[in-house]
$ cat start-v9.txt   # compact mmCIF, N, CA and C atoms and all ligand atoms
# COMPACT_ATOMS: atom_id res chain seq x y z
N MET D 19 -35.14 -6.86 -8.36
CA MET D 19 -34.74 -7.51 -7.12
C MET D 19 -34.17 -6.46 -6.16
N VAL D 20 -34.64 -6.50 -4.91
CA VAL D 20 -34.15 -5.54 -3.91
C VAL D 20 -32.88 -6.08 -3.27
N ARG D 21 -31.79 -5.27 -3.27
CA ARG D 21 -30.55 -5.73 -2.65
C ARG D 21 -30.61 -5.48 -1.14
N ASP D 22 -30.03 -6.42 -0.36
CA ASP D 22 -30.00 -6.24 1.09
C ASP D 22 -29.15 -5.03 1.44
N ASN D 23 -29.62 -4.28 2.45
CA ASN D 23 -28.80 -3.19 2.95
C ASN D 23 -27.60 -3.76 3.70
N PRO D 24 -26.45 -3.05 3.62
CA PRO D 24 -25.29 -3.55 4.37
C PRO D 24 -25.52 -3.41 5.88
N VAL D 25 -24.88 -4.29 6.62
CA VAL D 25 -24.93 -4.22 8.08
C VAL D 25 -23.79 -3.32 8.52
N LEU D 26 -24.08 -2.34 9.38
CA LEU D 26 -23.04 -1.43 9.85
C LEU D 26 -22.61 -1.81 11.26
N VAL D 27 -21.31 -2.03 11.43
CA VAL D 27 -20.77 -2.43 12.74
C VAL D 27 -19.64 -1.46 13.10
N SER D 28 -19.62 -0.98 14.34
CA SER D 28 -18.53 -0.10 14.78
C SER D 28 -17.44 -0.92 15.46
N ARG D 29 -16.20 -0.58 15.15
CA ARG D 29 -15.07 -1.27 15.76
C ARG D 29 -13.99 -0.26 16.13
N LYS D 30 -13.24 -0.57 17.20
CA LYS D 30 -12.17 0.32 17.66
C LYS D 30 -10.92 -0.53 17.90
N ILE D 31 -9.86 -0.17 17.22
CA ILE D 31 -8.60 -0.92 17.28
C ILE D 31 -7.51 0.03 17.74
N ALA D 32 -6.63 -0.42 18.64
CA ALA D 32 -5.51 0.43 19.07
C ALA D 32 -4.18 -0.25 18.72
N ILE D 33 -3.24 0.57 18.25
CA ILE D 33 -1.90 0.06 17.88
C ILE D 33 -0.95 0.41 19.02
N LEU D 34 -0.33 -0.61 19.61
CA LEU D 34 0.59 -0.40 20.73
C LEU D 34 1.98 -0.86 20.34
N GLY D 35 2.98 -0.32 21.03
CA GLY D 35 4.35 -0.78 20.80
C GLY D 35 5.33 0.28 21.26
N PHE D 36 6.61 -0.12 21.33
CA PHE D 36 7.70 0.78 21.70
C PHE D 36 7.80 1.87 20.64
N ARG D 37 8.57 2.91 20.95
CA ARG D 37 8.67 4.04 20.00
C ARG D 37 9.42 3.61 18.71
N ALA D 38 9.02 4.20 17.62
CA ALA D 38 9.69 4.06 16.32
C ALA D 38 9.68 2.64 15.75
N VAL D 39 8.66 1.84 16.10
CA VAL D 39 8.59 0.50 15.51
C VAL D 39 7.78 0.47 14.22
N GLY D 40 7.10 1.58 13.91
CA GLY D 40 6.33 1.63 12.67
C GLY D 40 4.83 1.70 12.87
N LYS D 41 4.39 2.08 14.06
CA LYS D 41 2.93 2.14 14.33
C LYS D 41 2.24 3.16 13.42
N THR D 42 2.83 4.35 13.32
CA THR D 42 2.21 5.38 12.48
C THR D 42 2.31 5.00 11.01
N SER D 43 3.44 4.42 10.61
CA SER D 43 3.61 4.00 9.21
C SER D 43 2.57 2.94 8.84
N LEU D 44 2.37 1.99 9.75
CA LEU D 44 1.37 0.94 9.51
C LEU D 44 -0.01 1.56 9.35
N THR D 45 -0.33 2.50 10.23
CA THR D 45 -1.67 3.09 10.22
C THR D 45 -1.89 3.93 8.97
N THR D 46 -0.92 4.79 8.64
CA THR D 46 -1.12 5.65 7.46
C THR D 46 -1.11 4.84 6.17
N LYS D 47 -0.30 3.77 6.15
CA LYS D 47 -0.31 2.92 4.95
C LYS D 47 -1.68 2.25 4.80
N PHE D 48 -2.26 1.82 5.90
CA PHE D 48 -3.57 1.17 5.85
C PHE D 48 -4.66 2.17 5.45
N ILE D 49 -4.54 3.39 5.96
CA ILE D 49 -5.58 4.39 5.69
C ILE D 49 -5.45 4.96 4.28
N SER D 50 -4.21 5.33 3.90
CA SER D 50 -4.05 6.07 2.63
C SER D 50 -3.29 5.28 1.56
N GLY D 51 -2.71 4.14 1.94
CA GLY D 51 -1.96 3.33 0.97
C GLY D 51 -0.56 3.84 0.72
N LYS D 52 -0.15 4.88 1.45
CA LYS D 52 1.18 5.45 1.22
C LYS D 52 2.12 5.14 2.39
N PHE D 53 3.38 4.87 2.07
CA PHE D 53 4.38 4.66 3.11
C PHE D 53 5.04 6.00 3.46
N GLU D 54 5.04 6.33 4.74
CA GLU D 54 5.61 7.59 5.20
C GLU D 54 7.01 7.34 5.74
N SER D 55 8.03 7.96 5.11
CA SER D 55 9.41 7.65 5.53
C SER D 55 9.94 8.61 6.60
N THR D 56 9.20 9.69 6.88
CA THR D 56 9.67 10.60 7.93
C THR D 56 9.29 10.06 9.30
N TYR D 57 10.04 10.47 10.32
CA TYR D 57 9.71 10.04 11.68
C TYR D 57 9.32 11.25 12.51
N ASP D 58 8.07 11.26 12.96
CA ASP D 58 7.55 12.34 13.78
C ASP D 58 6.89 11.69 14.99
N PRO D 59 7.55 11.73 16.17
CA PRO D 59 6.98 11.02 17.32
C PRO D 59 5.53 11.43 17.58
N THR D 60 4.68 10.42 17.71
CA THR D 60 3.23 10.65 17.83
C THR D 60 2.86 10.89 19.28
N ILE D 61 1.89 11.79 19.51
CA ILE D 61 1.29 11.85 20.84
C ILE D 61 0.16 10.81 20.85
N GLU D 62 -0.87 11.05 20.11
CA GLU D 62 -1.90 10.03 19.87
C GLU D 62 -2.84 10.56 18.80
N SER D 63 -3.13 9.74 17.83
CA SER D 63 -4.04 10.16 16.75
C SER D 63 -5.06 9.06 16.52
N THR D 64 -6.26 9.48 16.14
CA THR D 64 -7.29 8.50 15.80
C THR D 64 -7.65 8.66 14.32
N PHE D 65 -7.63 7.55 13.60
CA PHE D 65 -7.98 7.53 12.18
C PHE D 65 -9.27 6.74 12.01
N HIS D 66 -9.89 6.95 10.88
CA HIS D 66 -11.15 6.25 10.65
C HIS D 66 -11.15 5.63 9.25
N LYS D 67 -11.62 4.41 9.19
CA LYS D 67 -11.76 3.76 7.88
C LYS D 67 -12.91 2.76 7.95
N THR D 68 -13.71 2.75 6.90
CA THR D 68 -14.77 1.74 6.83
C THR D 68 -14.26 0.57 6.01
N ILE D 69 -14.25 -0.59 6.65
CA ILE D 69 -13.73 -1.80 6.02
C ILE D 69 -14.93 -2.66 5.62
N ARG D 70 -15.03 -2.94 4.33
CA ARG D 70 -16.19 -3.71 3.86
C ARG D 70 -15.81 -5.17 3.73
N PHE D 71 -16.57 -6.02 4.38
CA PHE D 71 -16.34 -7.46 4.29
C PHE D 71 -17.70 -8.12 4.07
N ARG D 72 -17.88 -8.66 2.88
CA ARG D 72 -19.18 -9.19 2.46
C ARG D 72 -20.25 -8.12 2.68
N ARG D 73 -21.30 -8.41 3.42
CA ARG D 73 -22.36 -7.41 3.57
C ARG D 73 -22.14 -6.51 4.77
N VAL D 74 -21.04 -6.70 5.47
CA VAL D 74 -20.83 -5.93 6.70
C VAL D 74 -19.86 -4.78 6.44
N HIS D 75 -20.25 -3.59 6.87
CA HIS D 75 -19.37 -2.43 6.81
C HIS D 75 -18.87 -2.15 8.22
N PHE D 76 -17.59 -2.36 8.43
CA PHE D 76 -17.01 -2.12 9.75
C PHE D 76 -16.50 -0.68 9.80
N ALA D 77 -17.22 0.18 10.48
CA ALA D 77 -16.77 1.56 10.67
C ALA D 77 -15.73 1.53 11.79
N THR D 78 -14.46 1.66 11.40
CA THR D 78 -13.37 1.35 12.34
C THR D 78 -12.58 2.58 12.73
N ASP D 79 -12.45 2.80 14.04
CA ASP D 79 -11.53 3.80 14.56
C ASP D 79 -10.21 3.10 14.86
N ILE D 80 -9.13 3.67 14.35
CA ILE D 80 -7.80 3.11 14.60
C ILE D 80 -7.01 4.13 15.40
N ILE D 81 -6.62 3.73 16.61
CA ILE D 81 -5.90 4.66 17.49
C ILE D 81 -4.41 4.38 17.39
N ASP D 82 -3.70 5.35 16.85
CA ASP D 82 -2.25 5.27 16.71
C ASP D 82 -1.66 5.90 17.98
N THR D 83 -1.15 5.07 18.88
CA THR D 83 -0.75 5.56 20.20
C THR D 83 0.68 6.07 20.20
N ALA D 84 1.03 6.78 21.28
CA ALA D 84 2.42 7.18 21.49
C ALA D 84 3.23 5.94 21.84
N GLY D 85 4.52 5.97 21.59
CA GLY D 85 5.38 4.83 21.92
C GLY D 85 5.34 4.54 23.42
N MET D 86 5.28 3.26 23.77
CA MET D 86 5.17 2.88 25.18
C MET D 86 6.45 2.25 25.70
N ASP D 87 6.72 2.45 26.99
CA ASP D 87 7.72 1.64 27.67
C ASP D 87 7.08 1.12 28.96
N GLU D 88 7.90 0.55 29.86
CA GLU D 88 7.31 -0.09 31.04
C GLU D 88 6.63 0.90 31.99
N TYR D 89 6.94 2.20 31.83
CA TYR D 89 6.35 3.21 32.73
C TYR D 89 5.11 3.88 32.13
N SER D 90 4.80 3.55 30.89
CA SER D 90 3.70 4.24 30.21
C SER D 90 2.35 3.71 30.67
N ARG D 91 1.37 4.58 30.62
CA ARG D 91 -0.01 4.18 30.85
C ARG D 91 -0.76 4.35 29.53
N LEU D 92 -1.79 3.56 29.36
CA LEU D 92 -2.63 3.74 28.18
C LEU D 92 -3.59 4.90 28.42
N SER D 93 -3.85 5.68 27.39
CA SER D 93 -4.83 6.76 27.53
C SER D 93 -6.22 6.13 27.66
N ARG D 94 -7.14 6.96 28.09
CA ARG D 94 -8.54 6.49 28.21
C ARG D 94 -9.06 6.05 26.84
N ASN D 95 -8.74 6.85 25.82
CA ASN D 95 -9.21 6.53 24.46
C ASN D 95 -8.68 5.19 23.97
N ALA D 96 -7.48 4.83 24.41
CA ALA D 96 -6.86 3.59 23.93
C ALA D 96 -7.15 2.39 24.84
N SER D 97 -7.98 2.62 25.87
CA SER D 97 -8.27 1.50 26.77
C SER D 97 -9.76 1.25 27.00
N VAL D 98 -10.59 2.21 26.64
CA VAL D 98 -12.04 2.04 26.87
C VAL D 98 -12.73 1.76 25.53
N GLY D 99 -13.48 0.68 25.51
CA GLY D 99 -14.27 0.35 24.32
C GLY D 99 -13.44 -0.15 23.14
N VAL D 100 -12.22 -0.60 23.41
CA VAL D 100 -11.36 -1.10 22.32
C VAL D 100 -11.66 -2.58 22.08
N HIS D 101 -11.89 -2.93 20.82
CA HIS D 101 -12.25 -4.32 20.48
C HIS D 101 -11.03 -5.20 20.28
N GLY D 102 -9.88 -4.58 19.98
CA GLY D 102 -8.69 -5.39 19.75
C GLY D 102 -7.44 -4.53 19.66
N TYR D 103 -6.30 -5.15 19.95
CA TYR D 103 -5.02 -4.43 19.95
C TYR D 103 -4.06 -5.08 18.96
N VAL D 104 -3.30 -4.23 18.28
CA VAL D 104 -2.18 -4.70 17.48
C VAL D 104 -0.92 -4.31 18.25
N MET D 105 -0.12 -5.31 18.65
CA MET D 105 1.09 -5.07 19.42
C MET D 105 2.26 -5.16 18.45
N MET D 106 2.91 -4.06 18.21
CA MET D 106 3.93 -4.01 17.16
C MET D 106 5.34 -3.97 17.70
N TYR D 107 6.25 -4.62 16.99
CA TYR D 107 7.68 -4.48 17.26
C TYR D 107 8.40 -4.39 15.93
N SER D 108 9.68 -4.01 16.00
CA SER D 108 10.47 -3.94 14.77
C SER D 108 11.43 -5.12 14.73
N THR D 109 11.55 -5.75 13.58
CA THR D 109 12.47 -6.88 13.45
C THR D 109 13.93 -6.43 13.56
N THR D 110 14.17 -5.14 13.51
CA THR D 110 15.55 -4.64 13.65
C THR D 110 15.83 -4.16 15.07
N SER D 111 14.91 -4.38 16.00
CA SER D 111 15.12 -3.92 17.37
C SER D 111 14.68 -4.98 18.36
N LEU D 112 15.68 -5.69 18.96
CA LEU D 112 15.37 -6.70 19.98
C LEU D 112 14.65 -6.03 21.17
N GLN D 113 15.10 -4.81 21.50
CA GLN D 113 14.49 -4.09 22.61
C GLN D 113 12.99 -3.90 22.40
N SER D 114 12.62 -3.56 21.17
CA SER D 114 11.19 -3.32 20.90
C SER D 114 10.38 -4.61 21.04
N PHE D 115 11.01 -5.76 20.76
CA PHE D 115 10.34 -7.05 20.94
C PHE D 115 10.21 -7.37 22.42
N GLN D 116 11.29 -7.11 23.18
CA GLN D 116 11.26 -7.39 24.62
C GLN D 116 10.24 -6.50 25.34
N LYS D 117 10.05 -5.29 24.83
CA LYS D 117 9.09 -4.36 25.46
C LYS D 117 7.65 -4.86 25.34
N ILE D 118 7.40 -5.70 24.34
CA ILE D 118 6.03 -6.18 24.11
C ILE D 118 5.47 -6.87 25.35
N GLU D 119 6.34 -7.66 26.04
CA GLU D 119 5.88 -8.38 27.22
C GLU D 119 5.42 -7.39 28.30
N GLN D 120 6.22 -6.32 28.49
CA GLN D 120 5.86 -5.32 29.51
C GLN D 120 4.60 -4.57 29.10
N ILE D 121 4.50 -4.26 27.81
CA ILE D 121 3.32 -3.54 27.33
C ILE D 121 2.07 -4.41 27.50
N ASN D 122 2.23 -5.71 27.22
CA ASN D 122 1.11 -6.64 27.38
C ASN D 122 0.69 -6.72 28.85
N THR D 123 1.66 -6.74 29.76
CA THR D 123 1.35 -6.78 31.20
C THR D 123 0.63 -5.51 31.62
N THR D 124 1.14 -4.36 31.17
CA THR D 124 0.48 -3.08 31.47
C THR D 124 -0.96 -3.08 30.97
N LEU D 125 -1.13 -3.57 29.74
CA LEU D 125 -2.47 -3.61 29.14
C LEU D 125 -3.40 -4.48 29.97
N LEU D 126 -2.94 -5.69 30.32
CA LEU D 126 -3.82 -6.61 31.06
C LEU D 126 -4.13 -6.06 32.45
N ASN D 127 -3.16 -5.39 33.07
CA ASN D 127 -3.42 -4.79 34.39
C ASN D 127 -4.46 -3.68 34.28
N MET D 128 -4.38 -2.92 33.20
CA MET D 128 -5.33 -1.82 33.03
C MET D 128 -6.72 -2.33 32.72
N LEU D 129 -6.79 -3.37 31.89
CA LEU D 129 -8.11 -3.86 31.48
C LEU D 129 -8.78 -4.65 32.60
N GLY D 130 -7.97 -5.33 33.41
CA GLY D 130 -8.49 -6.01 34.59
C GLY D 130 -9.52 -7.06 34.29
N ASP D 131 -10.73 -6.63 34.04
CA ASP D 131 -11.82 -7.59 33.90
C ASP D 131 -12.03 -8.04 32.45
N ALA D 132 -11.13 -7.67 31.56
CA ALA D 132 -11.30 -8.09 30.16
C ALA D 132 -10.02 -8.73 29.62
N PRO D 133 -9.55 -9.81 30.28
CA PRO D 133 -8.26 -10.38 29.88
C PRO D 133 -8.28 -11.07 28.53
N ASP D 134 -9.47 -11.27 27.96
CA ASP D 134 -9.55 -12.00 26.70
C ASP D 134 -9.61 -11.07 25.49
N VAL D 135 -9.30 -9.80 25.69
CA VAL D 135 -9.36 -8.88 24.55
C VAL D 135 -8.40 -9.37 23.45
N PRO D 136 -8.86 -9.41 22.20
CA PRO D 136 -8.00 -9.91 21.12
C PRO D 136 -6.74 -9.06 20.96
N ARG D 137 -5.60 -9.74 20.86
CA ARG D 137 -4.33 -9.05 20.64
C ARG D 137 -3.56 -9.76 19.53
N ILE D 138 -3.06 -8.98 18.60
CA ILE D 138 -2.26 -9.53 17.51
C ILE D 138 -0.85 -9.01 17.66
N LEU D 139 0.11 -9.92 17.67
CA LEU D 139 1.51 -9.52 17.73
C LEU D 139 2.07 -9.52 16.32
N ARG D 140 2.67 -8.40 15.92
CA ARG D 140 3.20 -8.40 14.56
C ARG D 140 4.39 -7.46 14.41
N ASP D 141 5.16 -7.71 13.37
CA ASP D 141 6.33 -6.90 13.08
C ASP D 141 6.00 -5.96 11.93
N ALA D 142 6.92 -5.06 11.66
CA ALA D 142 6.66 -4.02 10.66
C ALA D 142 7.22 -4.37 9.29
N SER D 143 7.69 -5.61 9.10
CA SER D 143 8.47 -5.90 7.90
C SER D 143 7.63 -5.95 6.62
N PHE D 144 6.32 -5.89 6.73
CA PHE D 144 5.48 -5.96 5.53
C PHE D 144 5.45 -4.64 4.77
N LEU D 145 5.83 -3.54 5.44
CA LEU D 145 5.49 -2.22 4.91
C LEU D 145 6.07 -1.98 3.53
N ARG D 146 7.23 -2.54 3.27
CA ARG D 146 7.82 -2.32 1.95
C ARG D 146 7.57 -3.51 1.03
N GLY D 147 6.48 -4.22 1.29
CA GLY D 147 6.07 -5.21 0.32
C GLY D 147 6.11 -6.66 0.77
N PHE D 148 6.67 -6.92 1.98
CA PHE D 148 6.67 -8.29 2.45
C PHE D 148 5.27 -8.69 2.90
N PRO D 149 4.96 -9.98 2.88
CA PRO D 149 3.61 -10.38 3.26
C PRO D 149 3.35 -10.22 4.76
N LEU D 150 2.09 -10.23 5.09
CA LEU D 150 1.65 -10.09 6.47
C LEU D 150 2.14 -11.26 7.31
N ARG D 151 2.62 -10.97 8.50
CA ARG D 151 3.00 -12.06 9.41
C ARG D 151 2.32 -11.82 10.75
N ILE D 152 1.46 -12.74 11.13
CA ILE D 152 0.77 -12.62 12.41
C ILE D 152 1.17 -13.81 13.27
N PHE D 153 1.61 -13.54 14.48
CA PHE D 153 2.18 -14.61 15.28
C PHE D 153 1.24 -15.16 16.34
N CYS D 154 0.65 -14.32 17.15
CA CYS D 154 -0.15 -14.90 18.23
C CYS D 154 -1.22 -13.92 18.66
N CYS D 155 -2.12 -14.36 19.44
CA CYS D 155 -3.18 -13.43 19.86
C CYS D 155 -3.70 -13.77 21.25
N SER D 156 -2.97 -14.55 22.03
CA SER D 156 -3.45 -14.82 23.38
C SER D 156 -2.41 -14.36 24.38
N GLN D 157 -2.63 -14.65 25.66
CA GLN D 157 -1.71 -14.19 26.69
C GLN D 157 -0.33 -14.79 26.49
N1 LIG C 201 12.80 0.39 6.55
C1 LIG C 201 11.65 0.50 7.20
N2 LIG C 201 11.41 1.64 7.87
C2 LIG C 201 10.25 1.73 8.54
C3 LIG C 201 9.29 0.67 8.54
N3 LIG C 201 8.24 1.06 9.30
C4 LIG C 201 8.53 2.30 9.74
N4 LIG C 201 9.73 2.71 9.29
C5 LIG C 201 10.39 3.99 9.57
O1 LIG C 201 10.71 4.01 10.95
C6 LIG C 201 10.51 5.33 11.47
C7 LIG C 201 9.53 5.27 12.61
O2 LIG C 201 8.27 4.89 12.09
P1 LIG C 201 6.92 5.37 12.78
O3 LIG C 201 5.80 4.76 12.02
O4 LIG C 201 6.90 6.85 12.93
O5 LIG C 201 7.08 4.69 14.21
P2 LIG C 201 6.15 4.82 15.51
O6 LIG C 201 6.90 5.68 16.49
O7 LIG C 201 6.03 3.42 16.03
O8 LIG C 201 4.85 5.41 15.10
C8 LIG C 201 10.02 6.20 10.32
O9 LIG C 201 11.11 6.90 9.79
C9 LIG C 201 9.48 5.19 9.32
O10 LIG C 201 9.59 5.65 8.00
C10 LIG C 201 9.59 -0.53 7.80
O11 LIG C 201 8.84 -1.50 7.76
N5 LIG C 201 10.79 -0.55 7.15
MG MG C 202 3.99 7.17 15.77
$ encode --input "start-v9.txt" --output "structure tokens"
Amino acid sequence: MVRDNPVLVSRKIAILGFRAVGKTSLTTKFISGKFESTYDPTIESTFHKTIRFRRVHFATDIIDTAGMDEYSRLSRNASVGVHGYVMMYSTTSLQSFQKIEQINTTLLNMLGDAPDVPRILRDASFLRGFPLRIFCCSQ
């Protein structure tokens, strides 16, 4: 019996959020399975992982962005051709949660004609073993 070839799909995801909320920790844990306890402010890094789901292989670029505030702009790499955004905050920082609204506004202003881009709002509390918590994904 001949097995079906997998379907290859390219995807690009960007992680946004205020500084030190765990964006890099989330990304490296997802890529390598290890939790990184050091803090090294990121400029911007792109990681790659192929995620297999049934017969589909999602070749995924994950852009770990620099921490954003209300004055930040998204880089070209983090705003062009992105299929979805993870908007992160820390449960130990009210400020980082409040910044999400400004970051979301900046994102929507930049995207302009693509207001329906998928966005997931999430906290970093899973990293040391707590379950995933996803709250919302619309405006
Ligand atoms: N206790 C705890 N520390 C975390 C968690 N996520 C990240 N950190 C730590 O918070 C600091 C900032 O994390 P980092 O991923 O570099 O933040 P980024 O600036 O958003 O990329 C680092 O020292 C991490 O080890 C978490 O879920 N729990
Ligand atoms: Mg970082």
$ residues_near_ligand --input "start-v9.txt" --ligand "ligand MG 202 (chain C)" --cutoff "6 Å" --atoms "all atoms listed in the file" --output "PyMOL selection string"
chain D and resi 41-43+58-60+83-85
$ closest_residue --input "start-v9.txt" --among "D:Met105, D:Ala96, D:Val39, D:Ile31" --to "ligand LIG 201 (chain C)" --atoms "only N, CA and C atoms and all ligand atoms"
D:Val39
$ atom_distance --input "start-v9.txt" --atom1 "atom C of Ile138 of chain D" --atom2 "atom N of Arg70 of chain D"
20.4 Å
$ residues_near_ligand --input "start-v9.txt" --ligand "ligand LIG 201 (chain C)" --cutoff "5 Å" --atoms "only N, CA and C atoms and all ligand atoms" --output "VMD selection string"
chain D and resid 37 to 44 54 to 58 142 to 143 145 to 146
$ atom_distance --input "start-v9.txt" --atom1 "atom N of Ile49 of chain D" --atom2 "atom N of Ser90 of chain D"
26.6 Å
$ atom_distance --input "start-v9.txt" --atom1 "atom N of Met106 of chain D" --atom2 "atom CA of Val27 of chain D"
24.4 Å
$ residues_around --input "start-v9.txt" --residues "Met128 of chain D" --least-positions-apart "3" --cutoff "9 Å" --atoms "only C-alpha atoms" --output "ChimeraX atom specification"
/D:91-92,97,123-125,131
$ closest_residue --input "start-v9.txt" --among "D:Arg140, D:Asn127, D:Lys67, D:Ile121" --to "Thr109 of chain D" --atoms "only N, CA and C atoms"
D:Arg140
$ select_by_dssp --input "start-v9.txt" --residues "chain D" --states "strand (DSSP E or B)" --output "ChimeraX atom specification"
/D:25-35,62-71,74-83,102-107,137-141,152
$ closest_residue --input "start-v9.txt" --among "D:Lys30, D:Tyr103, D:Gln116, D:Lys52" --to "Ile80 of chain D" --atoms "all atoms listed in the file"
D:Lys30
$ closest_residue --input "start-v9.txt" --among "D:Glu88, D:Ser63, D:Ile33, D:Asp22" --to "Val104 of chain D" --atoms "all atoms listed in the file"
D:Ile33
$ residues_around --input "start-v9.txt" --residues "Phe65 of chain D" --least-positions-apart "4" --cutoff "6 Å" --atoms "all atoms listed in the file" --output "PyMOL selection string"
chain D and resi 78-82
